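Have a look at protein37.cif below; it lists mmCIF, C-alpha atoms and all ligand atoms.
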data_my_file
#
loop_
_atom_site.label_atom_id
_atom_site.label_comp_id
_atom_site.auth_asym_id
_atom_site.auth_seq_id
_atom_site.Cartn_x
_atom_site.Cartn_y
_atom_site.Cartn_z
CA MET A 76 139.42 -61.49 56.43
CA ILE A 77 135.77 -60.49 56.44
CA LYS A 78 135.70 -60.09 60.24
CA GLU A 79 138.55 -58.16 61.85
CA ILE A 80 139.24 -56.37 65.10
CA LYS A 81 141.13 -53.06 64.95
CA ASN A 82 141.56 -50.63 67.86
CA ASN A 83 139.03 -52.48 69.98
CA ILE A 84 136.37 -52.25 67.23
CA LEU A 85 134.78 -54.94 65.08
CA TYR A 86 135.23 -54.40 61.33
CA PHE A 87 133.12 -56.28 58.79
CA ASP A 88 134.31 -56.43 55.20
CA GLY A 89 136.50 -53.40 55.91
CA CYS A 90 133.74 -51.35 57.54
CA ASN A 91 133.85 -50.05 61.11
CA THR A 92 130.66 -51.53 62.57
CA VAL A 93 130.27 -48.79 65.18
CA GLU A 94 130.29 -46.19 62.41
CA LEU A 95 127.78 -48.26 60.42
CA ALA A 96 125.47 -48.31 63.46
CA GLU A 97 125.82 -44.54 63.84
CA LYS A 98 125.27 -43.80 60.18
CA TYR A 99 122.35 -46.13 59.45
CA GLY A 100 120.83 -46.72 62.90
CA THR A 101 120.11 -50.01 64.62
CA PRO A 102 119.00 -52.74 64.41
CA LEU A 103 120.89 -53.08 61.15
CA TYR A 104 121.47 -56.03 58.88
CA VAL A 105 124.95 -55.86 57.31
CA MET A 106 125.72 -58.10 54.33
CA SER A 107 129.25 -58.56 53.01
CA GLU A 108 129.36 -58.62 49.25
CA THR A 109 132.90 -60.00 49.40
CA ALA A 110 131.73 -62.98 51.48
CA ILE A 111 128.77 -63.71 49.18
CA VAL A 112 131.01 -63.53 46.12
CA GLU A 113 133.58 -65.84 47.75
CA LYS A 114 130.87 -68.44 48.39
CA CYS A 115 129.68 -68.24 44.80
CA LYS A 116 133.29 -68.64 43.66
CA GLU A 117 133.69 -71.74 45.83
CA ILE A 118 130.60 -73.19 44.15
CA ARG A 119 132.00 -72.38 40.71
CA ASP A 120 135.48 -73.72 41.48
CA THR A 121 134.47 -76.92 43.24
CA PHE A 122 131.25 -77.79 41.41
CA LEU A 123 130.14 -75.80 38.35
CA ASN A 124 133.55 -75.64 36.67
CA LYS A 125 134.67 -79.02 37.94
CA TYR A 126 131.70 -80.95 36.56
CA GLU A 127 130.10 -80.29 33.19
CA ARG A 128 126.37 -79.83 32.86
CA THR A 129 125.72 -78.60 36.36
CA ARG A 130 123.77 -75.64 37.74
CA ALA A 131 123.50 -74.00 41.13
CA ALA A 132 120.22 -72.26 41.94
CA TYR A 133 120.49 -69.95 44.93
CA ALA A 134 117.57 -70.66 47.27
CA ALA A 135 116.16 -67.14 47.39
CA LYS A 136 114.16 -67.68 50.56
CA ALA A 137 117.37 -67.44 52.64
CA PHE A 138 117.78 -63.75 51.72
CA LEU A 139 116.21 -62.07 48.73
CA THR A 140 116.32 -58.47 47.63
CA LEU A 141 116.57 -56.81 44.22
CA SER A 142 120.30 -56.29 44.80
CA MET A 143 120.81 -59.91 45.79
CA CYS A 144 119.25 -60.96 42.46
CA ARG A 145 121.86 -58.79 40.70
CA ILE A 146 124.75 -60.38 42.60
CA ILE A 147 123.47 -63.91 41.98
CA GLU A 148 123.04 -63.23 38.27
CA ARG A 149 126.49 -61.64 37.98
CA GLU A 150 128.08 -64.61 39.78
CA GLY A 151 126.60 -67.06 37.30
CA LEU A 152 124.04 -68.78 39.49
CA CYS A 153 120.39 -69.57 38.86
CA LEU A 154 117.61 -68.66 41.30
CA ASP A 155 115.22 -70.92 43.18
CA VAL A 156 112.01 -69.17 44.27
CA VAL A 157 109.17 -70.51 46.40
CA SER A 158 106.40 -67.93 46.06
CA GLY A 159 104.81 -65.39 43.76
CA GLY A 160 106.46 -62.64 45.83
CA GLU A 161 109.94 -64.07 45.37
CA LEU A 162 109.26 -64.60 41.68
CA TYR A 163 108.00 -61.03 41.39
CA THR A 164 111.18 -59.74 43.06
CA ALA A 165 113.28 -61.68 40.56
CA ILE A 166 111.20 -60.36 37.65
CA LYS A 167 111.57 -56.79 38.93
CA ALA A 168 115.34 -57.28 39.08
CA ASN A 169 115.25 -58.51 35.45
CA PHE A 170 116.60 -61.89 36.48
CA PRO A 171 116.71 -64.11 33.36
CA ALA A 172 113.51 -66.17 33.34
CA GLU A 173 115.11 -69.35 32.03
CA LYS A 174 117.41 -69.37 35.08
CA ILE A 175 114.55 -69.37 37.59
CA GLU A 176 113.25 -72.54 39.24
CA PHE A 177 110.02 -72.62 41.24
CA ASN A 178 109.63 -74.81 44.35
CA GLY A 179 106.85 -74.97 46.92
CA ASN A 180 104.35 -77.44 48.33
CA ASN A 181 101.23 -75.38 47.64
CA LYS A 182 101.70 -73.04 44.73
CA SER A 183 98.54 -71.12 43.92
CA ILE A 184 97.04 -71.01 40.46
CA GLY A 185 97.94 -67.30 40.28
CA GLU A 186 101.56 -68.06 41.18
CA LEU A 187 101.78 -70.83 38.58
CA GLU A 188 100.27 -68.52 35.94
CA LEU A 189 102.83 -65.85 36.75
CA ALA A 190 105.62 -68.44 36.42
CA ILE A 191 104.33 -69.81 33.12
CA ASP A 192 103.65 -66.34 31.66
CA TYR A 193 107.23 -65.40 32.47
CA ASN A 194 108.53 -68.64 30.87
CA ILE A 195 110.62 -69.62 33.87
CA GLY A 196 113.12 -72.46 33.49
CA ARG A 197 111.69 -75.15 35.75
CA ILE A 198 108.69 -75.80 37.92
CA ILE A 199 109.36 -78.35 40.63
CA VAL A 200 106.04 -80.11 41.09
CA ASP A 201 105.36 -80.96 44.69
CA GLY A 202 101.90 -82.53 44.64
CA LEU A 203 99.85 -84.78 42.41
CA ASP A 204 97.21 -82.25 41.40
CA GLU A 205 99.79 -79.55 40.69
CA LEU A 206 100.63 -81.23 37.38
CA ASP A 207 96.97 -81.02 36.30
CA ILE A 208 96.89 -77.31 37.14
CA ILE A 209 100.11 -76.65 35.20
CA GLU A 210 98.81 -78.65 32.23
CA GLY A 211 95.57 -76.66 32.27
CA ILE A 212 97.40 -73.33 32.30
CA CYS A 213 99.82 -74.41 29.54
CA LYS A 214 96.99 -75.68 27.37
CA LYS A 215 95.13 -72.38 27.71
CA LYS A 216 98.26 -70.39 26.87
CA GLY A 217 99.62 -72.77 24.24
CA LYS A 218 102.85 -73.37 26.18
CA LYS A 219 105.05 -76.22 27.28
CA THR A 220 106.74 -76.21 30.69
CA ASN A 221 109.79 -78.02 32.05
CA ILE A 222 108.98 -79.82 35.27
CA LEU A 223 110.66 -82.01 37.84
CA TYR A 224 108.92 -84.03 40.51
CA ARG A 225 109.99 -83.39 44.07
CA ILE A 226 110.13 -86.77 45.74
CA THR A 227 110.08 -87.57 49.45
CA PRO A 228 113.11 -89.81 49.71
CA GLY A 229 112.10 -91.06 53.16
CA VAL A 230 115.33 -90.17 54.94
CA LYS A 231 115.51 -88.57 58.34
CA SER A 232 118.33 -86.05 58.49
CA ASP A 233 120.13 -84.90 61.57
CA SER A 234 118.80 -81.38 62.17
CA HIS A 235 116.02 -79.65 64.05
CA ASP A 236 112.62 -81.22 63.26
CA TYR A 237 111.32 -77.99 61.70
CA ILE A 238 114.10 -77.97 59.11
CA VAL A 239 114.02 -81.67 58.26
CA THR A 240 112.12 -82.15 55.02
CA GLY A 241 113.02 -85.54 53.56
CA LYS A 242 111.30 -87.98 55.90
CA LYS A 243 108.15 -89.74 54.77
CA ASP A 244 105.87 -87.88 57.19
CA SER A 245 106.43 -84.52 55.52
CA LYS A 246 104.27 -81.94 53.79
CA PHE A 247 106.92 -81.76 51.06
CA GLY A 248 107.25 -83.96 48.02
CA ILE A 249 105.54 -86.93 46.43
CA PRO A 250 105.76 -90.17 48.40
CA LEU A 251 107.48 -93.05 46.69
CA ASP A 252 104.63 -95.55 46.80
CA ASP A 253 104.43 -97.43 43.49
CA GLU A 254 100.71 -96.74 43.03
CA VAL A 255 101.33 -93.00 43.56
CA ILE A 256 104.59 -92.17 41.86
CA PHE A 257 104.42 -94.29 38.69
CA PRO A 258 101.03 -93.02 37.43
CA ALA A 259 102.25 -89.48 38.11
CA ILE A 260 105.39 -90.07 36.07
CA GLU A 261 103.47 -91.70 33.24
CA LYS A 262 101.17 -88.70 33.10
CA ALA A 263 104.09 -86.26 32.94
CA ILE A 264 105.90 -88.25 30.25
CA ASN A 265 102.78 -88.45 28.09
CA SER A 266 101.57 -84.86 28.44
CA PRO A 267 101.98 -82.66 25.34
CA HIS A 268 102.30 -79.61 27.60
CA ILE A 269 104.99 -80.95 29.90
CA ASN A 270 108.70 -81.62 29.43
CA PHE A 271 109.40 -84.14 32.14
CA MET A 272 113.00 -83.42 33.21
CA GLY A 273 113.35 -85.71 36.22
CA PHE A 274 113.45 -85.66 40.00
CA HIS A 275 114.23 -83.27 42.82
CA PHE A 276 114.92 -83.89 46.48
CA HIS A 277 115.86 -81.63 49.37
CA VAL A 278 116.48 -83.46 52.61
CA GLY A 279 116.74 -80.68 55.15
CA SER A 280 118.72 -77.66 56.19
CA GLN A 281 121.82 -76.80 58.22
CA LEU A 282 123.24 -80.30 57.64
CA LEU A 283 126.77 -80.91 58.85
CA ASN A 284 127.23 -84.40 57.39
CA ASN A 285 126.45 -85.93 53.99
CA GLU A 286 124.65 -89.10 55.10
CA SER A 287 121.09 -88.07 54.32
CA HIS A 288 122.11 -86.56 50.98
CA LEU A 289 123.78 -89.84 50.00
CA LYS A 290 120.85 -91.95 51.20
CA ALA A 291 118.38 -89.79 49.30
CA LEU A 292 120.58 -89.97 46.22
CA GLY A 293 120.48 -93.77 46.37
CA THR A 294 116.69 -93.63 46.41
CA ALA A 295 116.56 -91.18 43.50
CA LEU A 296 118.96 -93.24 41.38
CA LYS A 297 116.87 -96.35 41.93
CA LEU A 298 113.82 -94.42 40.75
CA ILE A 299 115.67 -93.17 37.66
CA LYS A 300 116.56 -96.80 36.88
CA ASP A 301 112.94 -97.89 37.38
CA ILE A 302 111.79 -95.24 34.90
CA ILE A 303 114.31 -96.42 32.32
CA ASP A 304 113.27 -100.06 32.84
CA LYS A 305 109.54 -99.37 32.86
CA TYR A 306 109.12 -96.63 30.24
CA ASN A 307 112.45 -96.57 28.44
CA TYR A 308 112.62 -92.90 29.44
CA VAL A 309 115.89 -91.32 30.58
CA THR A 310 115.30 -88.31 32.81
CA PRO A 311 117.80 -85.66 31.70
CA GLU A 312 118.14 -83.84 35.03
CA LEU A 313 118.46 -84.45 38.77
CA ASN A 314 118.13 -81.77 41.45
CA ILE A 315 119.79 -82.72 44.73
CA GLY A 316 118.65 -79.68 46.75
CA GLY A 317 120.52 -77.58 49.29
CA GLY A 318 120.89 -77.78 53.04
CA PHE A 319 124.65 -77.39 53.37
CA GLY A 320 125.34 -76.29 56.93
CA ILE A 321 127.22 -73.20 58.11
CA LYS A 322 129.10 -72.15 61.22
CA TYR A 323 126.86 -70.38 63.71
CA THR A 324 128.95 -71.22 66.78
CA ASP A 325 132.23 -72.96 67.48
CA ASP A 326 130.29 -76.21 67.95
CA ASP A 327 129.30 -76.32 64.29
CA ASP A 328 131.71 -78.48 62.29
CA LYS A 329 131.00 -76.93 58.90
CA LYS A 330 131.97 -78.89 55.78
CA SER A 331 132.92 -77.71 52.31
CA TYR A 332 130.66 -77.98 49.27
CA ALA A 333 133.07 -80.59 47.91
CA TYR A 334 132.53 -82.78 50.98
CA PHE A 335 128.84 -83.06 50.07
CA LEU A 336 129.04 -82.93 46.31
CA ASP A 337 132.11 -84.99 45.31
CA PRO A 338 130.85 -88.32 46.67
CA MET A 339 127.42 -87.65 45.18
CA MET A 340 128.87 -86.84 41.77
CA GLU A 341 130.99 -89.99 41.94
CA ARG A 342 127.91 -92.12 42.63
CA ILE A 343 125.98 -90.44 39.83
CA GLU A 344 128.84 -90.89 37.33
CA GLU A 345 129.14 -94.58 38.27
CA PHE A 346 125.41 -95.09 37.97
CA SER A 347 125.32 -93.44 34.54
CA LYS A 348 128.13 -95.70 33.29
CA GLU A 349 126.37 -98.81 34.61
CA MET A 350 123.13 -97.76 32.95
CA ASN A 351 124.94 -96.67 29.82
CA ILE A 352 123.21 -93.28 29.81
CA THR A 353 124.44 -89.71 29.57
CA ARG A 354 124.84 -88.46 33.12
CA PRO A 355 121.83 -86.28 34.02
CA GLU A 356 122.45 -82.56 34.43
CA ILE A 357 122.90 -81.99 38.17
CA VAL A 358 121.39 -79.03 40.01
CA ILE A 359 122.03 -77.89 43.58
CA GLU A 360 120.05 -75.35 45.60
CA PRO A 361 122.26 -73.75 48.25
CA GLY A 362 120.64 -70.97 50.29
CA ARG A 363 121.93 -70.59 53.82
CA SER A 364 125.51 -71.54 52.89
CA ILE A 365 125.81 -68.57 50.50
CA VAL A 366 124.46 -65.83 52.74
CA GLY A 367 124.45 -67.12 56.32
CA GLU A 368 127.98 -66.23 57.35
CA SER A 369 127.97 -63.27 54.97
CA GLY A 370 125.68 -61.30 57.28
CA ILE A 371 125.75 -59.84 60.77
CA THR A 372 123.17 -57.85 62.71
CA LEU A 373 124.08 -54.75 64.72
CA TYR A 374 122.02 -53.71 67.72
CA THR A 375 122.25 -51.02 70.38
CA ILE A 376 122.28 -52.26 73.95
CA GLY A 377 119.62 -50.77 76.21
CA THR A 378 118.34 -52.02 79.54
CA ILE A 379 120.57 -54.33 81.55
CA LYS A 380 118.87 -56.31 84.29
CA ASP A 381 121.08 -58.22 86.70
CA ILE A 382 119.07 -60.70 88.79
CA LYS A 383 121.72 -61.52 91.35
CA GLY A 384 122.65 -65.17 91.39
CA ILE A 385 120.21 -66.02 88.61
CA ARG A 386 120.80 -64.29 85.30
CA LYS A 387 121.88 -61.02 83.73
CA TYR A 388 119.69 -59.88 80.85
CA VAL A 389 121.28 -57.54 78.33
CA SER A 390 118.51 -56.25 76.10
CA VAL A 391 119.00 -55.01 72.55
CA ASP A 392 116.78 -52.87 70.31
CA GLY A 393 115.66 -55.78 68.07
CA GLY A 394 115.07 -59.47 68.65
CA MET A 395 112.62 -62.05 67.34
CA THR A 396 111.23 -59.56 64.84
CA ASP A 397 114.54 -59.43 62.95
CA ASN A 398 115.74 -62.94 63.90
CA ILE A 399 113.03 -65.46 64.75
CA ARG A 400 115.34 -68.48 64.57
CA PRO A 401 116.32 -68.76 68.27
CA ALA A 402 112.66 -68.53 69.33
CA LEU A 403 111.42 -70.77 66.50
CA TYR A 404 113.93 -73.59 66.72
CA GLN A 405 116.41 -72.87 69.47
CA ALA A 406 119.01 -71.76 66.95
CA LYS A 407 122.33 -70.82 68.53
CA TYR A 408 124.32 -67.69 67.73
CA GLU A 409 127.46 -65.95 68.90
CA GLY A 410 128.05 -62.24 69.25
CA ILE A 411 130.40 -59.58 70.50
CA VAL A 412 130.26 -56.06 71.93
CA ALA A 413 131.43 -54.38 68.73
CA ASN A 414 132.95 -51.31 70.42
CA LYS A 415 134.75 -53.45 73.05
CA ALA A 416 136.01 -56.10 70.67
CA ASP A 417 139.43 -56.50 72.27
CA MET A 418 138.22 -56.55 75.85
CA ALA A 419 138.14 -59.71 77.94
CA LYS A 420 134.83 -61.59 77.76
CA THR A 421 134.38 -61.79 81.50
CA ASP A 422 130.61 -61.46 81.76
CA LEU A 423 128.06 -64.26 81.31
CA VAL A 424 124.76 -62.80 80.09
CA THR A 425 121.61 -63.52 78.13
CA ILE A 426 121.10 -61.29 75.11
CA SER A 427 117.38 -60.60 74.95
CA GLY A 428 115.22 -58.79 72.46
CA LYS A 429 112.65 -56.03 73.06
CA CYS A 430 109.52 -57.96 72.13
CA CYS A 431 106.75 -58.91 74.55
CA GLU A 432 107.56 -62.62 74.63
CA SER A 433 109.75 -64.34 77.22
CA GLY A 434 111.05 -66.50 74.38
CA ASP A 435 112.46 -63.44 72.67
CA ILE A 436 116.05 -64.34 73.48
CA LEU A 437 118.82 -64.03 70.88
CA ILE A 438 121.66 -65.70 72.78
CA LYS A 439 121.42 -67.60 76.03
CA ASP A 440 124.59 -67.67 78.14
CA ALA A 441 126.83 -65.46 76.02
CA HIS A 442 130.33 -64.68 77.23
CA ILE A 443 130.86 -61.01 76.45
CA ALA A 444 132.79 -57.97 77.60
CA ILE A 445 131.10 -55.99 80.38
CA ALA A 446 128.40 -54.10 78.48
CA GLU A 447 126.69 -50.78 79.11
CA ARG A 448 123.70 -48.98 77.66
CA GLY A 449 124.64 -47.51 74.29
CA ASP A 450 127.21 -50.18 73.36
CA ILE A 451 126.83 -51.82 69.95
CA PHE A 452 126.24 -55.56 69.92
CA ALA A 453 126.97 -57.62 66.80
CA VAL A 454 125.42 -61.05 66.23
CA PHE A 455 127.29 -63.19 63.69
CA SER A 456 126.02 -65.44 60.88
CA THR A 457 122.61 -63.78 60.59
CA GLY A 458 122.63 -63.42 56.80
CA ALA A 459 120.23 -66.30 56.18
CA TYR A 460 116.59 -66.48 57.31
CA GLY A 461 116.84 -63.22 59.29
CA TYR A 462 115.57 -60.48 57.00
CA SER A 463 113.54 -63.03 55.04
CA MET A 464 111.68 -64.13 58.19
CA ALA A 465 111.36 -60.65 59.72
CA SER A 466 108.01 -59.57 61.11
CA ASN A 467 106.33 -56.45 62.45
CA TYR A 468 105.42 -58.01 65.79
CA ASN A 469 104.85 -55.28 68.38
CA LYS A 470 104.85 -52.98 65.35
CA ASN A 471 108.63 -52.98 65.23
CA PRO A 472 109.80 -51.82 61.78
CA VAL A 473 111.90 -54.21 59.69
CA PRO A 474 115.52 -53.00 59.94
CA ALA A 475 117.53 -51.58 57.06
CA THR A 476 120.06 -53.73 55.22
CA VAL A 477 123.41 -52.35 54.09
CA LEU A 478 125.71 -54.07 51.64
CA VAL A 479 129.37 -53.64 52.55
CA LYS A 480 132.46 -54.28 50.47
CA ASP A 481 136.11 -53.36 51.12
CA GLY A 482 135.25 -50.57 53.55
CA LYS A 483 132.35 -49.10 51.53
CA SER A 484 128.68 -49.36 52.48
CA GLU A 485 125.44 -48.87 50.55
CA ILE A 486 121.80 -49.23 51.58
CA ILE A 487 120.03 -52.08 49.76
CA VAL A 488 116.90 -52.15 51.93
CA LYS A 489 115.67 -48.97 53.60
CA ARG A 490 114.46 -49.14 57.17
CA GLN A 491 110.71 -49.57 57.34
CA THR A 492 108.97 -46.52 58.78
CA TYR A 493 105.95 -46.39 61.09
CA ASP A 494 103.99 -45.07 58.11
CA HIS A 495 105.06 -48.05 55.97
CA MET A 496 103.74 -50.36 58.64
CA ILE A 497 100.25 -48.87 58.67
CA ALA A 498 100.11 -48.07 54.95
CA ASN A 499 97.67 -50.90 54.22
CA GLU A 500 95.45 -50.32 57.21
CA VAL A 501 92.09 -48.64 56.69
CA ILE A 502 89.37 -47.37 58.97
CA PRO A 503 86.03 -48.47 57.46
CA GLU A 504 83.00 -46.17 57.32
CA SER A 505 81.47 -47.98 60.29
CA LEU A 506 84.26 -46.80 62.58
CA LYS A 507 84.55 -43.25 61.36
C1 LIG B 601 115.06 -74.15 51.72
C2 LIG B 601 115.34 -74.91 50.51
C3 LIG B 601 116.63 -74.93 49.98
C4 LIG B 601 117.79 -74.24 50.62
O1 LIG B 601 118.14 -74.77 51.84
P1 LIG B 601 119.42 -74.18 52.60
O2 LIG B 601 119.49 -74.98 53.85
O3 LIG B 601 119.16 -72.75 52.84
O4 LIG B 601 120.60 -74.42 51.71
C5 LIG B 601 116.82 -75.62 48.80
N1 LIG B 601 115.81 -76.26 48.17
C6 LIG B 601 114.56 -76.26 48.66
C7 LIG B 601 113.49 -76.96 47.94
C8 LIG B 601 114.28 -75.59 49.85
O5 LIG B 601 113.04 -75.61 50.33
#
So, in terms of structure tokens, how does the structure I just supplied come out?
Amino acid sequence: MIKEIKNNILYFDGCNTVELAEKYGTPLYVMSETAIVEKCKEIRDTFLNKYERTRAAYAAKAFLTLSMCRIIEREGLCLDVVSGGELYTAIKANFPAEKIEFNGNNKSIGELELAIDYNIGRIIVDGLDELDIIEGICKKKGKKTNILYRITPGVKSDSHDYIVTGKKDSKFGIPLDDEVIFPAIEKAINSPHINFMGFHFHVGSQLLNNESHLKALGTALKLIKDIIDKYNYVTPELNIGGGFGIKYTDDDDKKSYAYFLDPMMERIEEFSKEMNITRPEIVIEPGRSIVGESGITLYTIGTIKDIKGIRKYVSVDGGMTDNIRPALYQAKYEGIVANKADMAKTDLVTISGKCCESGDILIKDAHIAIAERGDIFAVFSTGAYGYSMASNYNKNPVPATVLVKDGKSEIIVKRQTYDHMIANEVIPESLK
């Protein structure tokens, strides 16, 4: 068990969370290596080893550090990056270039140059002029790059609007209008600087059913057939994205990877038989599902404000700066008073952050043990899109991250200091 309660205290991957808070300070991101490794193993057992010619590229944006690159490489996954900064992190961790894929709806020329210089495995082209830019760079450098086209499959998935990406009105992907997509494909097939590998779709995030994946797959398969019919060109690869949901609260009915992937693989196998082609290599891009439940955040409780008959605010020493998701899209979390883990949850409170925004609420209506100043509060399932979306609002430093495993803990990200935060600020001559 990753989460355990012993002697009234929450343990995470064998570590006493109250001791972690004392040793490293709060707020503190705690990532369980055991949990991350178990997720990677599930992907290997139920996808990579079950089906030949498959890859899983961890979507780095969920949580990326140098150490995370090492774990992902060791566990046999590829890496999906979406910016020059993520790519740079991967390069600095010596992540194998051929195992890196590059997504993003507005990659800069500098970012594309970095990717091509480093000979990364795939660039997923997300706009019509991006191909021209890549061609130009490759021509100049005498290189050839593997690309896929990200398509907008035109499906609306069942998630918060901000994390739905597959509907037609989206900034992501190339729309499937004949006069748009076919010339783009023709150009990619005919370019001497491009290896056209096929198509990519990603329908959204935190999905708890497979409907939109299956719908999008139908659209992609039809397009693959059209390309065979029209150009006699068999695309050797298909990337079906990520988006597999996790359990944030008891209301989330999380599904296995197999629930999403088995029916998709069955459809793809059938299609390939019908078309009499070798099944394309299939790539997935899980992010949240690998790290989300593998992380918790520890806070120290400070001011408690009981507005009789209205609401009791229990404030912690972090908030929207280390976890923007509740404020950004009403994401729900659960938590526990880590040093009162066995005690009855008799209080109904709102866990609020310390930032100057009324929307800086981590959990509305949490049932917790009666809390006091100085208690440690743990929020669960914060491993994805917490650290990676952290900000310095109100000049709060980004918390440290510790990696825990079987009762041992190591720092993988040091706490930002006040000096770090102002390191890039200068006073110009005119103000001296
Ligand atoms: C964000 C993203 C993912 C990962 O989504 P998760 O919900 O974290 O699994 C995969 N592919 C692309 C293109 C993305 O933008």
What lies within 9 Å of Arg490 (chain A) using all atoms listed in the file, ignoring chain neighbours under 2 positions off, as an MDAnalysis selection string?
-> chainID A and resid 99:100 103 472:476 488 492
Expected selection as an MDAnalysis selection string for ligand LIG 601 (chain B) within 10 Å, only C-alpha atoms and all ligand atoms = chainID A and resid 132:138 155:157 176:180 199 201 225 238:240 247:248 275:282 314:321 359:367 459:460
Filtering to C-alpha atoms, could you give me those residues as a tab-separated table (two decimals), in the coordinates of the input?
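Everything below was put into part33.tsv:
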chain	number	residue	atom	x	y	z
A	132	ALA	CA	120.22	-72.26	41.94
A	133	TYR	CA	120.49	-69.95	44.93
A	134	ALA	CA	117.57	-70.66	47.27
A	135	ALA	CA	116.16	-67.14	47.39
A	136	LYS	CA	114.16	-67.68	50.56
A	137	ALA	CA	117.37	-67.44	52.64
A	138	PHE	CA	117.78	-63.75	51.72
A	155	ASP	CA	115.22	-70.92	43.18
A	156	VAL	CA	112.01	-69.17	44.27
A	157	VAL	CA	109.17	-70.51	46.40
A	176	GLU	CA	113.25	-72.54	39.24
A	177	PHE	CA	110.02	-72.62	41.24
A	178	ASN	CA	109.63	-74.81	44.35
A	179	GLY	CA	106.85	-74.97	46.92
A	180	ASN	CA	104.35	-77.44	48.33
A	199	ILE	CA	109.36	-78.35	40.63
A	201	ASP	CA	105.36	-80.96	44.69
A	225	ARG	CA	109.99	-83.39	44.07
A	238	ILE	CA	114.10	-77.97	59.11
A	239	VAL	CA	114.02	-81.67	58.26
A	240	THR	CA	112.12	-82.15	55.02
A	247	PHE	CA	106.92	-81.76	51.06
A	248	GLY	CA	107.25	-83.96	48.02
A	275	HIS	CA	114.23	-83.27	42.82
A	276	PHE	CA	114.92	-83.89	46.48
A	277	HIS	CA	115.86	-81.63	49.37
A	278	VAL	CA	116.48	-83.46	52.61
A	279	GLY	CA	116.74	-80.68	55.15
A	280	SER	CA	118.72	-77.66	56.19
A	281	GLN	CA	121.82	-76.80	58.22
A	282	LEU	CA	123.24	-80.30	57.64
A	314	ASN	CA	118.13	-81.77	41.45
A	315	ILE	CA	119.79	-82.72	44.73
A	316	GLY	CA	118.65	-79.68	46.75
A	317	GLY	CA	120.52	-77.58	49.29
A	318	GLY	CA	120.89	-77.78	53.04
A	319	PHE	CA	124.65	-77.39	53.37
A	320	GLY	CA	125.34	-76.29	56.93
A	321	ILE	CA	127.22	-73.20	58.11
A	359	ILE	CA	122.03	-77.89	43.58
A	360	GLU	CA	120.05	-75.35	45.60
A	361	PRO	CA	122.26	-73.75	48.25
A	362	GLY	CA	120.64	-70.97	50.29
A	363	ARG	CA	121.93	-70.59	53.82
A	364	SER	CA	125.51	-71.54	52.89
A	365	ILE	CA	125.81	-68.57	50.50
A	366	VAL	CA	124.46	-65.83	52.74
A	367	GLY	CA	124.45	-67.12	56.32
A	459	ALA	CA	120.23	-66.30	56.18
A	460	TYR	CA	116.59	-66.48	57.31
Among listed residues A:Leu162, A:Val230, A:Lys114, A:Glu108, nearest Ser142 (chain A) (using all atoms listed in the file) | A:Glu108
Just how far from CA of Ser287 (chain A) is CA of Ile371 (chain A), in Å to one decimal?
->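 Interatomic distance, CA of Ile371 (chain A) to CA of Ser287 (chain A): 29.3 Å.
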Suppose you want the space between CA of Gly151 (chain A) and CA of Leu189 (chain A); what is it in Å?
-> 23.8 Å
In Å, how far is it from CA of Glu409 (chain A) to CA of Pro102 (chain A)?
-> 16.3 Å
Find the residue from A:Asp481, A:Asp244, A:Glu161, A:Asp301 that sits nearest to Ala110 (chain A); use all atoms listed in the file when measuring.
->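 When distances to Ala110 (chain A) are compared using all atoms listed in the file, the smallest one comes from A:Asp481.
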Nearest to Ile212 (chain A) among A:Leu154, A:Leu187, A:Ile80, A:Ile175, with distances taken over all atoms listed in the file: which residue is it?
->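 Once distances to Ile212 (chain A) are computed over all atoms listed in the file, the minimum belongs to A:Leu187.
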For region 188-204 of chain A, what centre and edge lengths in Å (one decimal) does the axis-aligned box get once 8 Å is added on each side of all its listed atoms, as AutoDock Vina command-line options?
--center_x 105.2 --center_y -75.1 --center_z 37.8 --size_x 31.9 --size_y 35.4 --size_z 29.8
For Asn467 (chain A), the closest of A:Gln491, A:Ser505, A:Ser234, A:Ser245 counting only C-alpha atoms is A:Gln491
Please determine the residues with any atom at most 10 Å from (128.4, -79.6, 34.5) (coordinates as given in the file, with all atoms listed in the file counting) and report them as a PyMOL selection string.
-> chain A and resi 122-131+354-358
Using C-alpha atoms, can you write the selected residues to a file as a compact mmCIF listing (two decimals), keeping the file's coordinate frame?
# COMPACT_ATOMS: atom_id res chain seq x y z
CA PHE A 122 131.25 -77.79 41.41
CA LEU A 123 130.14 -75.80 38.35
CA ASN A 124 133.55 -75.64 36.67
CA LYS A 125 134.67 -79.02 37.94
CA TYR A 126 131.70 -80.95 36.56
CA GLU A 127 130.10 -80.29 33.19
CA ARG A 128 126.37 -79.83 32.86
CA THR A 129 125.72 -78.60 36.36
CA ARG A 130 123.77 -75.64 37.74
CA ALA A 131 123.50 -74.00 41.13
CA ARG A 354 124.84 -88.46 33.12
CA PRO A 355 121.83 -86.28 34.02
CA GLU A 356 122.45 -82.56 34.43
CA ILE A 357 122.90 -81.99 38.17
CA VAL A 358 121.39 -79.03 40.01
Looking at A:Ser463, A:Asn82, A:Ser427, A:Thr353, which one is nearest to Tyr104 (chain A), with distances taken over only C-alpha atoms?
->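 Of the candidates, the smallest distance to Tyr104 (chain A) is held by A:Ser463.
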Near Phe335 (chain A), counting all atoms listed in the file, which residues have an atom at most 8 Å away, once you skip same-chain residues fewer than 4 positions from it, shown as number ranges by chain?
-> A: 284-285, 288, 319, 330-331, 339
From A:Cys153, A:Leu437, A:Cys431, A:Met143, residue lying nearest Asn398 (chain A) [all atoms listed in the file] = A:Leu437
